[in-house]
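Trainee: Input file: work.cif. Contents: mmCIF, C-alpha atoms and all ligand atoms.
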data_run
loop_
_atom_site.label_atom_id
_atom_site.label_comp_id
_atom_site.auth_asym_id
_atom_site.auth_seq_id
_atom_site.Cartn_x
_atom_site.Cartn_y
_atom_site.Cartn_z
CA MET A 1 0.00 0.00 0.00
CA HIS A 2 1.31 3.42 -0.83
CA PRO A 3 1.93 5.60 2.25
CA ILE A 4 0.01 8.47 0.70
CA CYS A 5 -3.11 6.50 1.63
CA VAL A 6 -2.68 7.30 5.31
CA THR A 7 -3.27 11.00 4.72
CA LEU A 8 -6.77 10.39 3.48
CA PRO A 9 -9.17 10.13 6.41
CA THR A 10 -11.57 7.86 4.56
CA MET A 11 -8.95 5.25 3.73
CA ALA A 12 -8.69 2.00 5.67
CA LYS A 13 -6.01 1.80 8.32
CA VAL A 14 -2.54 1.05 7.02
CA ASP A 15 -0.81 -2.17 8.05
CA LEU A 16 2.64 -1.05 9.19
CA LYS A 17 4.13 -4.46 8.37
CA GLN A 18 3.24 -3.90 4.72
CA LEU A 19 5.47 -0.83 4.53
CA SER A 20 9.05 -0.91 3.34
CA PHE A 21 11.79 0.91 5.26
CA LYS A 22 11.28 4.12 3.29
CA GLU A 23 7.50 3.87 3.35
CA LEU A 24 7.50 3.65 7.14
CA ASP A 25 9.70 6.77 7.27
CA ALA A 26 7.18 8.53 5.03
CA PHE A 27 4.25 7.36 7.17
CA VAL A 28 5.81 8.82 10.30
CA LEU A 29 6.57 12.15 8.59
CA LYS A 30 2.98 12.34 7.35
CA LEU A 31 1.81 12.01 10.95
CA GLY A 32 3.89 15.13 11.63
CA TRP A 33 6.42 13.18 13.70
CA LYS A 34 10.22 13.23 13.57
CA LYS A 35 11.86 10.54 11.48
CA TYR A 36 13.53 8.77 14.43
CA ARG A 37 10.04 7.64 15.43
CA ALA A 38 10.05 5.32 12.42
CA GLN A 39 13.00 3.47 13.93
CA GLN A 40 11.18 3.18 17.25
CA LEU A 41 8.30 1.57 15.39
CA ARG A 42 10.63 -0.77 13.48
CA ASP A 43 12.21 -1.88 16.76
CA TRP A 44 8.82 -2.70 18.21
CA ILE A 45 7.58 -4.48 15.11
CA TYR A 46 10.67 -6.42 14.01
CA ARG A 47 12.77 -6.81 17.17
CA LYS A 48 10.27 -6.96 20.00
CA ARG A 49 7.59 -8.26 17.66
CA VAL A 50 4.60 -6.65 19.33
CA SER A 51 1.27 -6.54 17.57
CA ARG A 52 -0.43 -3.87 19.70
CA PHE A 53 0.32 -0.18 19.94
CA ASP A 54 -0.40 -0.06 23.67
CA ALA A 55 2.67 -2.30 24.19
CA MET A 56 4.90 0.47 22.75
CA THR A 57 5.91 1.91 26.09
CA ASN A 58 8.31 4.56 24.78
CA LEU A 59 5.43 6.31 22.98
CA SER A 60 3.09 8.64 24.84
CA LYS A 61 -0.57 7.71 25.22
CA PRO A 62 -1.73 10.36 22.68
CA ASP A 63 0.84 9.06 20.18
CA ARG A 64 -0.32 5.49 20.68
CA ASP A 65 -3.93 6.64 20.26
CA LEU A 66 -3.01 8.39 17.02
CA LEU A 67 -1.37 5.23 15.72
CA GLU A 68 -4.38 3.20 16.78
CA SER A 69 -6.65 5.46 14.72
CA ARG A 70 -4.46 5.30 11.59
CA ALA A 71 -2.73 1.92 11.55
CA VAL A 72 -2.69 -1.74 12.47
CA ILE A 73 0.07 -4.33 12.80
CA GLY A 74 -1.09 -7.36 10.83
CA CYS A 75 -0.24 -10.91 11.81
CA LEU A 76 -0.56 -14.34 10.22
CA ASP A 77 -3.55 -16.35 11.34
CA LEU A 78 -2.75 -19.92 12.42
CA MET A 79 -5.34 -22.40 11.17
CA ARG A 80 -3.75 -25.74 11.86
CA HIS A 81 -0.69 -27.07 13.62
CA GLN A 82 0.63 -30.61 13.25
CA ARG A 83 3.54 -32.30 14.98
CA SER A 84 5.41 -35.21 13.43
CA GLU A 85 6.73 -38.23 15.34
CA ASP A 86 10.24 -36.86 14.71
CA GLY A 87 9.50 -33.42 16.22
CA THR A 88 9.02 -31.58 12.92
CA GLN A 89 6.08 -29.19 13.08
CA LYS A 90 3.91 -27.95 10.24
CA PHE A 91 1.91 -24.72 10.47
CA LEU A 92 -0.93 -23.81 8.15
CA PHE A 93 -1.62 -20.08 8.00
CA ARG A 94 -4.57 -18.25 6.56
CA LEU A 95 -3.78 -15.10 4.60
CA SER A 96 -6.00 -12.04 4.54
CA ASP A 97 -7.67 -13.11 1.27
CA GLY A 98 -8.53 -16.60 2.56
CA GLN A 99 -5.65 -18.34 0.77
CA ALA A 100 -3.39 -20.57 2.82
CA ILE A 101 0.32 -21.35 3.09
CA GLU A 102 2.46 -23.69 5.14
CA SER A 103 5.70 -23.26 7.08
CA VAL A 104 7.69 -26.10 8.60
CA LEU A 105 9.84 -25.97 11.75
CA ILE A 106 12.59 -28.57 11.83
CA PRO A 107 14.44 -29.06 15.12
CA ASP A 108 17.78 -30.87 14.86
CA GLU A 109 20.10 -31.13 17.84
CA ASP A 110 21.12 -27.51 18.49
CA ARG A 111 19.50 -26.10 15.34
CA HIS A 112 15.99 -24.95 14.58
CA THR A 113 15.42 -24.46 10.88
CA LEU A 114 12.31 -22.75 9.57
CA CYS A 115 11.22 -23.58 6.04
CA ILE A 116 9.05 -20.82 4.62
CA SER A 117 6.81 -20.39 1.57
CA THR A 118 7.10 -17.71 -1.10
CA GLN A 119 4.05 -18.42 -3.27
CA VAL A 120 0.60 -19.94 -2.84
CA GLY A 121 1.18 -22.94 -5.08
CA CYS A 122 4.02 -22.66 -7.59
CA THR A 123 4.74 -21.19 -11.02
CA LEU A 124 6.44 -24.42 -12.07
CA ASP A 125 5.30 -27.96 -12.60
CA CYS A 126 8.06 -30.26 -11.37
CA ARG A 127 6.59 -33.73 -11.65
CA PHE A 128 7.90 -34.99 -8.29
CA CYS A 129 6.49 -32.12 -6.22
CA LEU A 130 3.04 -31.93 -4.65
CA THR A 131 3.13 -28.11 -4.53
CA GLY A 132 3.60 -28.13 -8.32
CA THR A 133 0.22 -29.82 -8.77
CA MET A 134 -1.53 -26.72 -7.35
CA GLY A 135 -0.41 -24.39 -10.10
CA LEU A 136 0.29 -20.79 -9.13
CA ILE A 137 -2.52 -19.27 -7.09
CA ARG A 138 -0.65 -16.11 -6.22
CA ASN A 139 2.67 -14.65 -5.17
CA LEU A 140 3.17 -13.83 -1.50
CA LYS A 141 3.80 -10.22 -0.55
CA ALA A 142 7.05 -9.37 1.24
CA HIS A 143 5.34 -8.98 4.59
CA GLU A 144 3.65 -12.39 4.30
CA ILE A 145 7.08 -13.95 3.78
CA VAL A 146 8.72 -12.04 6.65
CA ASP A 147 5.77 -12.72 8.96
CA GLN A 148 6.37 -16.47 8.82
CA VAL A 149 9.72 -15.79 10.52
CA LEU A 150 8.38 -13.25 13.03
CA TRP A 151 5.48 -15.50 13.94
CA MET A 152 7.76 -18.45 14.59
CA GLN A 153 10.27 -16.40 16.59
CA ASN A 154 7.39 -15.40 18.87
CA ARG A 155 6.30 -19.00 19.23
CA MET A 156 9.70 -20.46 20.20
CA GLU A 157 10.25 -21.59 23.80
CA PRO A 158 12.30 -19.09 25.85
CA ASP A 159 15.38 -21.37 25.77
CA GLN A 160 15.17 -21.94 22.01
CA HIS A 161 15.65 -19.74 19.01
CA LEU A 162 15.52 -20.09 15.26
CA THR A 163 18.96 -20.67 13.80
CA ASN A 164 18.27 -20.97 10.07
CA VAL A 165 15.68 -19.87 7.56
CA VAL A 166 15.27 -21.70 4.26
CA LEU A 167 13.11 -20.56 1.35
CA MET A 168 12.19 -24.13 0.47
CA GLY A 169 8.50 -24.27 1.27
CA MET A 170 5.73 -23.71 -1.24
CA GLY A 171 6.69 -21.86 -4.39
CA GLU A 172 9.61 -20.82 -6.57
CA PRO A 173 11.20 -17.85 -4.78
CA LEU A 174 12.86 -16.42 -7.88
CA ALA A 175 9.56 -16.39 -9.78
CA ASN A 176 8.42 -13.86 -7.16
CA TYR A 177 11.68 -11.96 -7.33
CA ARG A 178 10.59 -8.49 -6.26
CA GLU A 179 8.65 -9.49 -3.14
CA VAL A 180 11.16 -12.17 -2.14
CA THR A 181 14.14 -9.81 -2.37
CA GLU A 182 12.20 -7.13 -0.48
CA ALA A 183 11.46 -9.76 2.20
CA LEU A 184 15.16 -10.73 2.32
CA THR A 185 16.06 -7.05 2.64
CA ARG A 186 13.73 -6.69 5.63
CA LEU A 187 14.96 -9.93 7.19
CA THR A 188 18.64 -8.99 6.93
CA HIS A 189 18.48 -5.22 7.42
CA PRO A 190 20.26 -4.36 10.69
CA LYS A 191 17.51 -1.87 11.52
CA MET A 192 14.70 -4.30 10.75
CA VAL A 193 14.79 -8.05 11.62
CA GLY A 194 18.61 -8.12 11.42
CA TRP A 195 19.01 -11.80 10.55
CA PRO A 196 22.54 -12.81 9.35
CA PRO A 197 22.38 -13.49 5.58
CA ARG A 198 24.57 -16.59 5.91
CA ARG A 199 21.78 -18.18 7.94
CA ILE A 200 19.27 -17.80 5.13
CA THR A 201 19.15 -20.12 2.12
CA LEU A 202 17.13 -19.48 -1.00
CA SER A 203 16.38 -22.57 -3.06
CA THR A 204 15.57 -22.25 -6.74
CA SER A 205 14.68 -24.69 -9.45
CA GLY A 206 16.99 -22.71 -11.72
CA LEU A 207 15.64 -19.44 -13.15
CA VAL A 208 18.86 -18.28 -14.76
CA PRO A 209 18.25 -14.51 -15.23
CA GLN A 210 17.04 -14.17 -11.65
CA ILE A 211 20.01 -16.16 -10.34
CA LYS A 212 22.23 -13.58 -12.02
CA LYS A 213 20.23 -10.72 -10.53
CA LEU A 214 20.36 -12.27 -7.09
CA GLY A 215 24.13 -12.59 -7.37
CA GLU A 216 24.36 -8.88 -8.18
CA SER A 217 21.88 -7.85 -5.48
CA GLY A 218 24.42 -7.92 -2.65
CA LEU A 219 21.91 -9.72 -0.42
CA ASN A 220 24.50 -12.43 0.22
CA VAL A 221 22.09 -15.16 1.25
CA ASN A 222 23.03 -18.76 0.46
CA LEU A 223 21.97 -20.12 -2.89
CA ALA A 224 20.63 -23.66 -3.32
CA VAL A 225 19.91 -24.95 -6.81
CA SER A 226 17.58 -27.91 -7.38
CA LEU A 227 19.41 -29.81 -10.09
CA ASN A 228 17.64 -33.15 -9.87
CA ALA A 229 18.97 -34.57 -13.16
CA THR A 230 22.24 -34.91 -15.05
CA THR A 231 20.92 -34.83 -18.61
CA ASP A 232 18.49 -32.48 -20.32
CA ALA A 233 16.40 -35.48 -21.40
CA VAL A 234 15.72 -36.48 -17.80
CA ARG A 235 15.46 -32.90 -16.54
CA ASN A 236 12.92 -32.11 -19.27
CA ARG A 237 10.90 -35.03 -18.02
CA VAL A 238 11.01 -34.24 -14.30
CA MET A 239 11.19 -30.40 -14.41
CA PRO A 240 9.69 -29.63 -17.82
CA LYS A 241 8.85 -25.95 -17.51
CA VAL A 242 12.08 -24.69 -16.05
CA ASN A 243 14.41 -26.89 -18.06
CA LYS A 244 12.77 -25.95 -21.35
CA HIS A 245 13.70 -22.32 -20.69
CA TYR A 246 16.99 -22.86 -18.90
CA PRO A 247 18.62 -26.15 -19.81
CA LEU A 248 21.46 -27.61 -17.79
CA GLU A 249 24.26 -25.87 -19.63
CA SER A 250 22.85 -22.37 -19.07
CA LEU A 251 22.01 -23.17 -15.45
CA LEU A 252 25.46 -24.51 -14.63
CA SER A 253 27.13 -21.64 -16.41
CA ALA A 254 25.13 -19.18 -14.21
CA CYS A 255 26.26 -21.17 -11.18
CA ARG A 256 29.90 -21.03 -12.28
CA ASP A 257 29.65 -17.25 -12.65
CA TYR A 258 27.75 -16.73 -9.38
CA PRO A 259 29.67 -14.32 -7.14
CA LEU A 260 30.18 -16.17 -3.86
CA PRO A 261 31.36 -14.42 -0.69
CA PRO A 262 34.60 -15.90 0.71
CA ARG A 263 34.31 -19.47 2.07
CA ARG A 264 30.77 -19.85 0.74
CA ARG A 265 29.59 -22.55 -1.63
CA ILE A 266 26.51 -23.17 -3.70
CA PHE A 267 24.27 -26.01 -2.53
CA PHE A 268 22.98 -28.36 -5.19
CA GLU A 269 19.89 -30.31 -4.30
CA TYR A 270 19.30 -33.60 -6.01
CA VAL A 271 16.04 -35.44 -5.46
CA LEU A 272 16.72 -39.15 -6.02
CA LEU A 273 13.91 -40.74 -8.01
CA LYS A 274 13.93 -44.52 -8.20
CA GLY A 275 15.12 -45.76 -11.58
CA VAL A 276 15.02 -42.25 -13.09
CA ASN A 277 18.14 -40.36 -11.96
CA ASP A 278 19.71 -42.60 -9.30
CA THR A 279 22.16 -44.72 -11.28
CA GLU A 280 25.93 -44.96 -11.06
CA ALA A 281 26.14 -43.25 -14.46
CA ASP A 282 24.11 -40.32 -13.06
CA ALA A 283 26.45 -39.99 -10.08
CA CYS A 284 29.48 -39.94 -12.40
CA ARG A 285 27.86 -37.37 -14.70
CA LEU A 286 26.97 -35.23 -11.69
CA LEU A 287 30.63 -35.21 -10.69
CA ARG A 288 31.60 -34.02 -14.14
CA LEU A 289 28.88 -31.36 -14.32
CA LEU A 290 29.82 -29.80 -10.99
CA LYS A 291 33.57 -29.90 -11.50
CA GLY A 292 35.14 -26.55 -10.64
CA ILE A 293 32.05 -25.11 -8.92
CA PRO A 294 32.60 -24.51 -5.18
CA CYS A 295 29.63 -26.50 -3.92
CA LYS A 296 28.04 -29.06 -1.67
CA VAL A 297 25.42 -31.57 -2.75
CA ASN A 298 22.32 -32.47 -0.76
CA LEU A 299 20.82 -35.75 -1.85
CA ILE A 300 17.09 -35.92 -1.10
CA PRO A 301 15.51 -39.36 -1.42
CA PHE A 302 12.10 -38.77 -3.01
CA ASN A 303 9.33 -38.06 -0.50
CA ASP A 304 6.20 -39.87 -1.43
CA TYR A 305 2.65 -38.50 -1.42
CA PRO A 306 -0.70 -39.94 -2.49
CA GLY A 307 -0.76 -40.39 -6.26
CA ALA A 308 2.97 -39.62 -6.74
CA PRO A 309 4.31 -40.76 -10.11
CA PHE A 310 7.78 -41.68 -8.75
CA GLY A 311 9.27 -44.02 -6.18
CA ARG A 312 11.91 -43.64 -3.48
CA PRO A 313 15.17 -45.47 -4.08
CA ASP A 314 16.24 -47.93 -1.39
CA ASP A 315 18.86 -46.88 1.16
CA GLU A 316 21.57 -48.93 -0.52
CA THR A 317 21.17 -47.05 -3.82
CA VAL A 318 21.21 -43.70 -2.02
CA LEU A 319 24.38 -44.59 -0.08
CA GLU A 320 26.08 -45.87 -3.23
CA PHE A 321 25.23 -42.63 -5.06
CA GLN A 322 26.68 -40.60 -2.20
CA LYS A 323 29.80 -42.78 -2.09
CA ILE A 324 30.57 -42.10 -5.76
CA LEU A 325 30.29 -38.34 -5.17
CA ILE A 326 32.48 -38.43 -2.08
CA GLU A 327 35.09 -40.55 -3.84
CA GLY A 328 35.07 -37.92 -6.57
CA HIS A 329 35.87 -35.29 -3.88
CA LEU A 330 32.45 -33.67 -3.75
CA THR A 331 30.93 -32.87 -0.37
CA ALA A 332 27.64 -34.75 -0.41
CA PHE A 333 25.05 -35.18 2.33
CA ILE A 334 21.90 -37.23 2.43
CA ARG A 335 19.09 -35.05 3.66
CA LYS A 336 17.05 -36.77 6.34
CA SER A 337 13.39 -36.79 5.41
CA ARG A 338 11.74 -34.97 8.26
CA GLY A 339 8.02 -34.89 8.96
CA ARG A 340 6.96 -37.35 6.27
CA ASP A 341 4.11 -38.70 8.43
CA ILE A 342 2.42 -35.27 8.39
CA LEU A 343 3.34 -34.44 4.77
CA ALA A 344 5.82 -31.81 5.90
CA ALA A 345 8.93 -33.04 4.08
CA CYS A 346 10.41 -31.46 0.92
CA GLY A 347 7.87 -31.42 -1.88
CA GLN A 348 4.95 -32.52 0.28
CA LEU A 349 3.29 -29.14 0.89
CA ARG A 350 -0.08 -28.41 -0.62
CA THR A 351 -2.97 -26.28 0.64
CA GLU A 352 -6.56 -25.61 -0.22
CA ALA A 353 -7.97 -22.07 -0.22
CA ALA A 354 -9.11 -21.92 3.36
CA ALA A 355 -11.64 -19.36 4.43
CA ASN A 356 -12.84 -21.55 7.32
CA ARG A 357 -10.86 -21.99 10.49
CA LEU A 358 -9.72 -25.52 11.26
CA PRO A 359 -9.01 -26.67 14.80
CA VAL A 360 -5.56 -25.66 16.08
CA SER A 361 -3.94 -28.53 17.94
CA SER A 362 -0.52 -28.97 19.53
N1 LIG B 401 10.93 -24.04 -5.67
C1 LIG B 401 12.16 -24.17 -5.01
C2 LIG B 401 12.04 -24.32 -3.52
C3 LIG B 401 10.92 -25.19 -3.03
S1 LIG B 401 11.12 -26.91 -3.37
C4 LIG B 401 12.99 -25.28 -5.61
O1 LIG B 401 12.44 -26.04 -6.42
O2 LIG B 401 14.16 -25.36 -5.31
C5 LIG B 401 12.38 -27.35 -2.18
C6 LIG B 401 13.13 -28.61 -2.53
O3 LIG B 401 12.28 -29.75 -2.45
C7 LIG B 401 13.73 -28.62 -3.93
O4 LIG B 401 15.09 -28.99 -3.89
C8 LIG B 401 12.93 -29.70 -4.64
O5 LIG B 401 13.68 -30.31 -5.66
C9 LIG B 401 12.61 -30.63 -3.50
N2 LIG B 401 11.47 -31.51 -3.71
C10 LIG B 401 10.33 -31.21 -4.36
N3 LIG B 401 9.50 -32.27 -4.33
C11 LIG B 401 10.14 -33.25 -3.63
C12 LIG B 401 9.77 -34.58 -3.25
N4 LIG B 401 8.58 -35.10 -3.53
N5 LIG B 401 10.67 -35.30 -2.54
C13 LIG B 401 11.87 -34.76 -2.21
N6 LIG B 401 12.24 -33.52 -2.52
C14 LIG B 401 11.39 -32.76 -3.24
FE1 LIG B 402 7.82 -25.40 -7.55
FE2 LIG B 402 10.11 -26.12 -6.34
FE3 LIG B 402 7.97 -27.75 -6.38
FE4 LIG B 402 9.32 -27.30 -8.62
S1 LIG B 402 10.10 -28.31 -6.78
S2 LIG B 402 7.08 -27.31 -8.41
S3 LIG B 402 9.87 -25.18 -8.39
S4 LIG B 402 8.09 -25.79 -5.38
#
Represent the structure contained in this file as C-alpha cells.
Mentor:
Amino acid sequence: MHPICVTLPTMAKVDLKQLSFKELDAFVLKLGWKKYRAQQLRDWIYRKRVSRFDAMTNLSKPDRDLLESRAVIGCLDLMRHQRSEDGTQKFLFRLSDGQAIESVLIPDEDRHTLCISTQVGCTLDCRFCLTGTMGLIRNLKAHEIVDQVLWMQNRMEPDQHLTNVVLMGMGEPLANYREVTEALTRLTHPKMVGWPPRRITLSTSGLVPQIKKLGESGLNVNLAVSLNATTDAVRNRVMPKVNKHYPLESLLSACRDYPLPPRRRIFFEYVLLKGVNDTEADACRLLRLLKGIPCKVNLIPFNDYPGAPFGRPDDETVLEFQKILIEGHLTAFIRKSRGRDILAACGQLRTEAAANRLPVSS
C-alpha cells in the first residue's frame, strides 16, 4: 500500500508491516512526527515483535492513540498445527484473502530451521512435487514472507531460538523476485529483523536470469539450486517448464559465474527418483557437471505423497550414489526426510484455499 493512503481520512487503516523501510519513514513524517520515530516503530515491530500499539511503552498515550486510529500491525492467522513423530512441526496459516500457506519448523540437535513459503502454489510444474500440482494461485507479498519468521520467533520456547531460515516451502522464490528480495532485505536489514544473511538459504529450481540478478543484489544469502537430473532429457521429463527455458548448460554456467562471498559454496539439491536419476552413471555425470564449482550436494531421497508418479530409491542405492560423489571429492550429504508422516517433508506441501478456520492442535 502506498503511504500516501494514510493522509486520506476515509482510507482503511494502514498495516505497518506492509510498509518498506522508506514507506515507514514517510508514514511517520505524514503524521507530523520526527523521522527517528520510524525506527522506534521498526524496533517494536521487528525486534520486539509486538502486535499492539499499547505495548509500545516509549510512545506517549496520545501518540499510541493516534497510531491506533491510523494503523494496524497485521499478523498471520494460524489455522492448523501438526507435529510429526520426529518433532518436525507444520503450520498452516490463513492469509487475509482466505488463501493458505504452510511453514515447517525442523528441530535438529542444536539447530531450529524454519522452512518458509514464497508463493501460494508454484509457477512451475516439477513432476515430483506436490506443490507443483496446485499451479500458481498467487505470489506472496514481502510482509507475508517475513511474517512467517516473526510469527515463529514469537512462538519459540524461551530457551530456544531459530537458527536458520530456508526458502524451500511452497513456491519458486525467484519467480516472485521483487517481493522475495524485499522480504530478504527486511529480514537482513540491521535496523529491521537483522538476521545474518549466511543463515538464510534461498532454493531455486533454476531461473537463470534471476540467479544472475540475485548474485548482483548484494543480499548475500546462500543459494541452493535444485538440479535433480544430469541430462536435459531427464530434466525435461522431471522439471519440464524450467528446463525448457533454462537447460542444464545455461544453469550450470550461471552457477559457475555466481559471485560467492569468501568461504561460501553453492548447494545443489538432487532429489533421487527410483530408476530415473539414481544410477551410477548419473552420479558420475553429476561429478563431471559440478567440477570446478565450489559446492556441496544435498541428496534428497524422493518423499512420497498420495498419487505420486515416482518411487523412493532404497537406502543402498542412495548410499552408493553418495559414495561415488564423495570418492570424486564432492561434499555430499543425504538429507534426512523430516516430517513425512504429516506431509511436511520437501515437496509434500499443498494447501486448499481456506476461508474456514480448522481446529488448532498442539
Ligand atoms: N521451488 C524451489 C524451492 C521449493 S522446493 C525449488 O524447487 O528449489 C524445495 C526442494 O524440495 C527442492 O530442492 C525440490 O527439488 C525438493 N522436492 C520437491 N518435491 C520433492 C519430493 N517429492 N521429494 C523430495 N524432494 C522434493
Ligand atoms: Fe515449484 Fe520447487 Fe515444487 Fe518445482 S520443486 S514445483 S519449483 S516448489
Trainee: Can you tell me which residues come within 7 Å of ligand LIG 402 (chain B) when counting all atoms listed in the file, ideally as a count of residues only?
Mentor: 17
Trainee: Could you work out how far atom N3 of ligand LIG 401 (chain B) lies from atom CA of A:Ala233, giving the answer in Å with one decimal?
Mentor: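 Distance between the two atoms: 18.7 Å.
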Trainee: Of the candidates A:Leu319, A:Ala71, A:Ala283, A:Leu227, which one gets nearest to ligand LIG 401 (chain B) if we count all atoms listed in the file?
Mentor: A:Leu227
Trainee: Skip stretch 269-279 of chain A itself and residues of its chain fewer than 2 positions away, then list as an NGL selection string all residues within 7 Å of it, counting all atoms listed in the file.
Mentor: :A and (224-229 or 267 or 281-283 or 297-302 or 310-313 or 321)
Trainee: Using all atoms listed in the file, can you tell me which of A:Thr57, A:Thr351, A:Gln322, A:Thr201 comes closest to ligand LIG 401 (chain B)?
Mentor: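 Answer, going by the shortest atom-to-atom distance: A:Thr201.
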Trainee: Using all atoms listed in the file, pick whichever of A:Gly194, A:Ser20, A:Ile101, A:Arg199 has the shortest atom-to-atom distance to A:Ala142.
Mentor: A:Ser20
Trainee: When you draw a straight line from atom CA of A:Gln148 to atom CA of A:Asn58, how long is it in Å?
Mentor: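 If I compute the distance from atom CA of A:Gln148 to atom CA of A:Asn58, I get 26.5 Å.
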Trainee: Leaving out A:Leu219 and any residue of its chain fewer than 5 positions from it, which residues lie within 10 Å of it when counting only C-alpha atoms, given as a count of residues only?
Mentor: 8
Trainee: Closest to ligand LIG 401 (chain B) among A:Asp314, A:Pro261, A:Arg288, A:Arg127, using all atoms listed in the file?
Mentor: A:Arg127
Trainee: Rounded to one decimal place, report the atom CA of A:Pro209-atom CA of A:Leu167 distance in Å.
Mentor: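 These atoms are spaced 18.4 Å apart.
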Trainee: Pick out the closest residue to ligand LIG 401 (chain B) from this set: A:Pro240, A:Pro173, A:Pro306, A:Gly215. Count only C-alpha atoms and all ligand atoms.
Mentor: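 Nearest candidate to ligand LIG 401 (chain B) out of A:Pro240, A:Pro173, A:Pro306, A:Gly215: A:Pro173.
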Trainee: Have a look at A:Thr118, A:Ser69, A:Gln18, A:Asn154 and name the one nearest to ligand LIG 401 (chain B); count only C-alpha atoms and all ligand atoms.
Mentor: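 Of A:Thr118, A:Ser69, A:Gln18, A:Asn154, the one nearest ligand LIG 401 (chain B), counting only C-alpha atoms and all ligand atoms, is A:Thr118.
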Trainee: Mind listing as a VMD selection string all residues within 8 Å of (25.2, -19.2, -3.3), counting all atoms listed in the file?
Mentor: chain A and resid 215 220 to 224 258 to 260 264 to 267
Trainee: Starting from the point (13.4, -27.3, 16.3), work out which residues of protein, DNA or RNA have an atom no more than 10 Å away when counting all atoms listed in the file; state them as an mmCIF file with C-alpha atoms, in the coordinates of the input.
Mentor:
data_model
loop_
_atom_site.group_PDB
_atom_site.id
_atom_site.type_symbol
_atom_site.label_atom_id
_atom_site.label_comp_id
_atom_site.auth_asym_id
_atom_site.auth_seq_id
_atom_site.Cartn_x
_atom_site.Cartn_y
_atom_site.Cartn_z
ATOM 1 C CA GLY A 87 9.500 -33.420 16.220
ATOM 2 C CA THR A 88 9.020 -31.580 12.920
ATOM 3 C CA GLN A 89 6.080 -29.190 13.080
ATOM 4 C CA VAL A 104 7.690 -26.100 8.600
ATOM 5 C CA LEU A 105 9.840 -25.970 11.750
ATOM 6 C CA ILE A 106 12.590 -28.570 11.830
ATOM 7 C CA PRO A 107 14.440 -29.060 15.120
ATOM 8 C CA ASP A 108 17.780 -30.870 14.860
ATOM 9 C CA GLU A 109 20.100 -31.130 17.840
ATOM 10 C CA ASP A 110 21.120 -27.510 18.490
ATOM 11 C CA ARG A 111 19.500 -26.100 15.340
ATOM 12 C CA HIS A 112 15.990 -24.950 14.580
ATOM 13 C CA THR A 113 15.420 -24.460 10.880
ATOM 14 C CA LEU A 114 12.310 -22.750 9.570
ATOM 15 C CA MET A 156 9.700 -20.460 20.200
ATOM 16 C CA GLU A 157 10.250 -21.590 23.800
ATOM 17 C CA GLN A 160 15.170 -21.940 22.010
ATOM 18 C CA HIS A 161 15.650 -19.740 19.010
ATOM 19 C CA LEU A 162 15.520 -20.090 15.260
ATOM 20 C CA THR A 163 18.960 -20.670 13.800
#
Trainee: Is it possible to add N, CA and C atoms to stretch 103-117 of chain A and hand it back as a PDB file, in the coordinates of the input?
Mentor:
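Wrote it out as part_8.pdb, contents follow:
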ATOM      1  N   SER A 103       4.293 -23.385   6.671  1.00  0.00           N
ATOM      2  CA  SER A 103       5.700 -23.260   7.080  1.00  0.00           C
ATOM      3  C   SER A 103       6.020 -24.493   7.900  1.00  0.00           C
ATOM      4  N   VAL A 104       7.293 -24.879   7.878  1.00  0.00           N
ATOM      5  CA  VAL A 104       7.690 -26.100   8.600  1.00  0.00           C
ATOM      6  C   VAL A 104       8.870 -25.763   9.508  1.00  0.00           C
ATOM      7  N   LEU A 105       8.762 -26.182  10.777  1.00  0.00           N
ATOM      8  CA  LEU A 105       9.840 -25.970  11.750  1.00  0.00           C
ATOM      9  C   LEU A 105      10.528 -27.303  11.993  1.00  0.00           C
ATOM     10  N   ILE A 106      11.850 -27.317  11.762  1.00  0.00           N
ATOM     11  CA  ILE A 106      12.590 -28.570  11.830  1.00  0.00           C
ATOM     12  C   ILE A 106      13.659 -28.479  12.915  1.00  0.00           C
ATOM     13  N   PRO A 107      13.416 -29.080  14.076  1.00  0.00           N
ATOM     14  CA  PRO A 107      14.440 -29.060  15.120  1.00  0.00           C
ATOM     15  C   PRO A 107      15.467 -30.159  14.856  1.00  0.00           C
ATOM     16  N   ASP A 108      16.738 -29.856  15.088  1.00  0.00           N
ATOM     17  CA  ASP A 108      17.780 -30.870  14.860  1.00  0.00           C
ATOM     18  C   ASP A 108      18.942 -30.566  15.786  1.00  0.00           C
ATOM     19  N   GLU A 109      19.075 -31.364  16.825  1.00  0.00           N
ATOM     20  CA  GLU A 109      20.100 -31.130  17.840  1.00  0.00           C
ATOM     21  C   GLU A 109      20.067 -29.664  18.287  1.00  0.00           C
ATOM     22  N   ASP A 110      21.138 -28.890  17.994  1.00  0.00           N
ATOM     23  CA  ASP A 110      21.120 -27.510  18.490  1.00  0.00           C
ATOM     24  C   ASP A 110      20.596 -26.512  17.457  1.00  0.00           C
ATOM     25  N   ARG A 111      20.007 -27.023  16.378  1.00  0.00           N
ATOM     26  CA  ARG A 111      19.500 -26.100  15.340  1.00  0.00           C
ATOM     27  C   ARG A 111      17.979 -26.135  15.263  1.00  0.00           C
ATOM     28  N   HIS A 112      17.412 -25.003  14.908  1.00  0.00           N
ATOM     29  CA  HIS A 112      15.990 -24.950  14.580  1.00  0.00           C
ATOM     30  C   HIS A 112      15.858 -24.255  13.241  1.00  0.00           C
ATOM     31  N   THR A 113      15.518 -25.023  12.227  1.00  0.00           N
ATOM     32  CA  THR A 113      15.420 -24.460  10.880  1.00  0.00           C
ATOM     33  C   THR A 113      13.947 -24.227  10.555  1.00  0.00           C
ATOM     34  N   LEU A 114      13.680 -23.046  10.007  1.00  0.00           N
ATOM     35  CA  LEU A 114      12.310 -22.750   9.570  1.00  0.00           C
ATOM     36  C   LEU A 114      12.276 -22.719   8.051  1.00  0.00           C
ATOM     37  N   CYS A 115      11.388 -23.519   7.498  1.00  0.00           N
ATOM     38  CA  CYS A 115      11.220 -23.580   6.040  1.00  0.00           C
ATOM     39  C   CYS A 115       9.984 -22.770   5.678  1.00  0.00           C
ATOM     40  N   ILE A 116      10.170 -21.729   4.874  1.00  0.00           N
ATOM     41  CA  ILE A 116       9.050 -20.820   4.620  1.00  0.00           C
ATOM     42  C   ILE A 116       8.611 -20.853   3.144  1.00  0.00           C
ATOM     43  N   SER A 117       7.394 -20.404   2.919  1.00  0.00           N
ATOM     44  CA  SER A 117       6.810 -20.390   1.570  1.00  0.00           C
ATOM     45  C   SER A 117       6.951 -19.002   0.947  1.00  0.00           C
TER      46      SER A 117
END
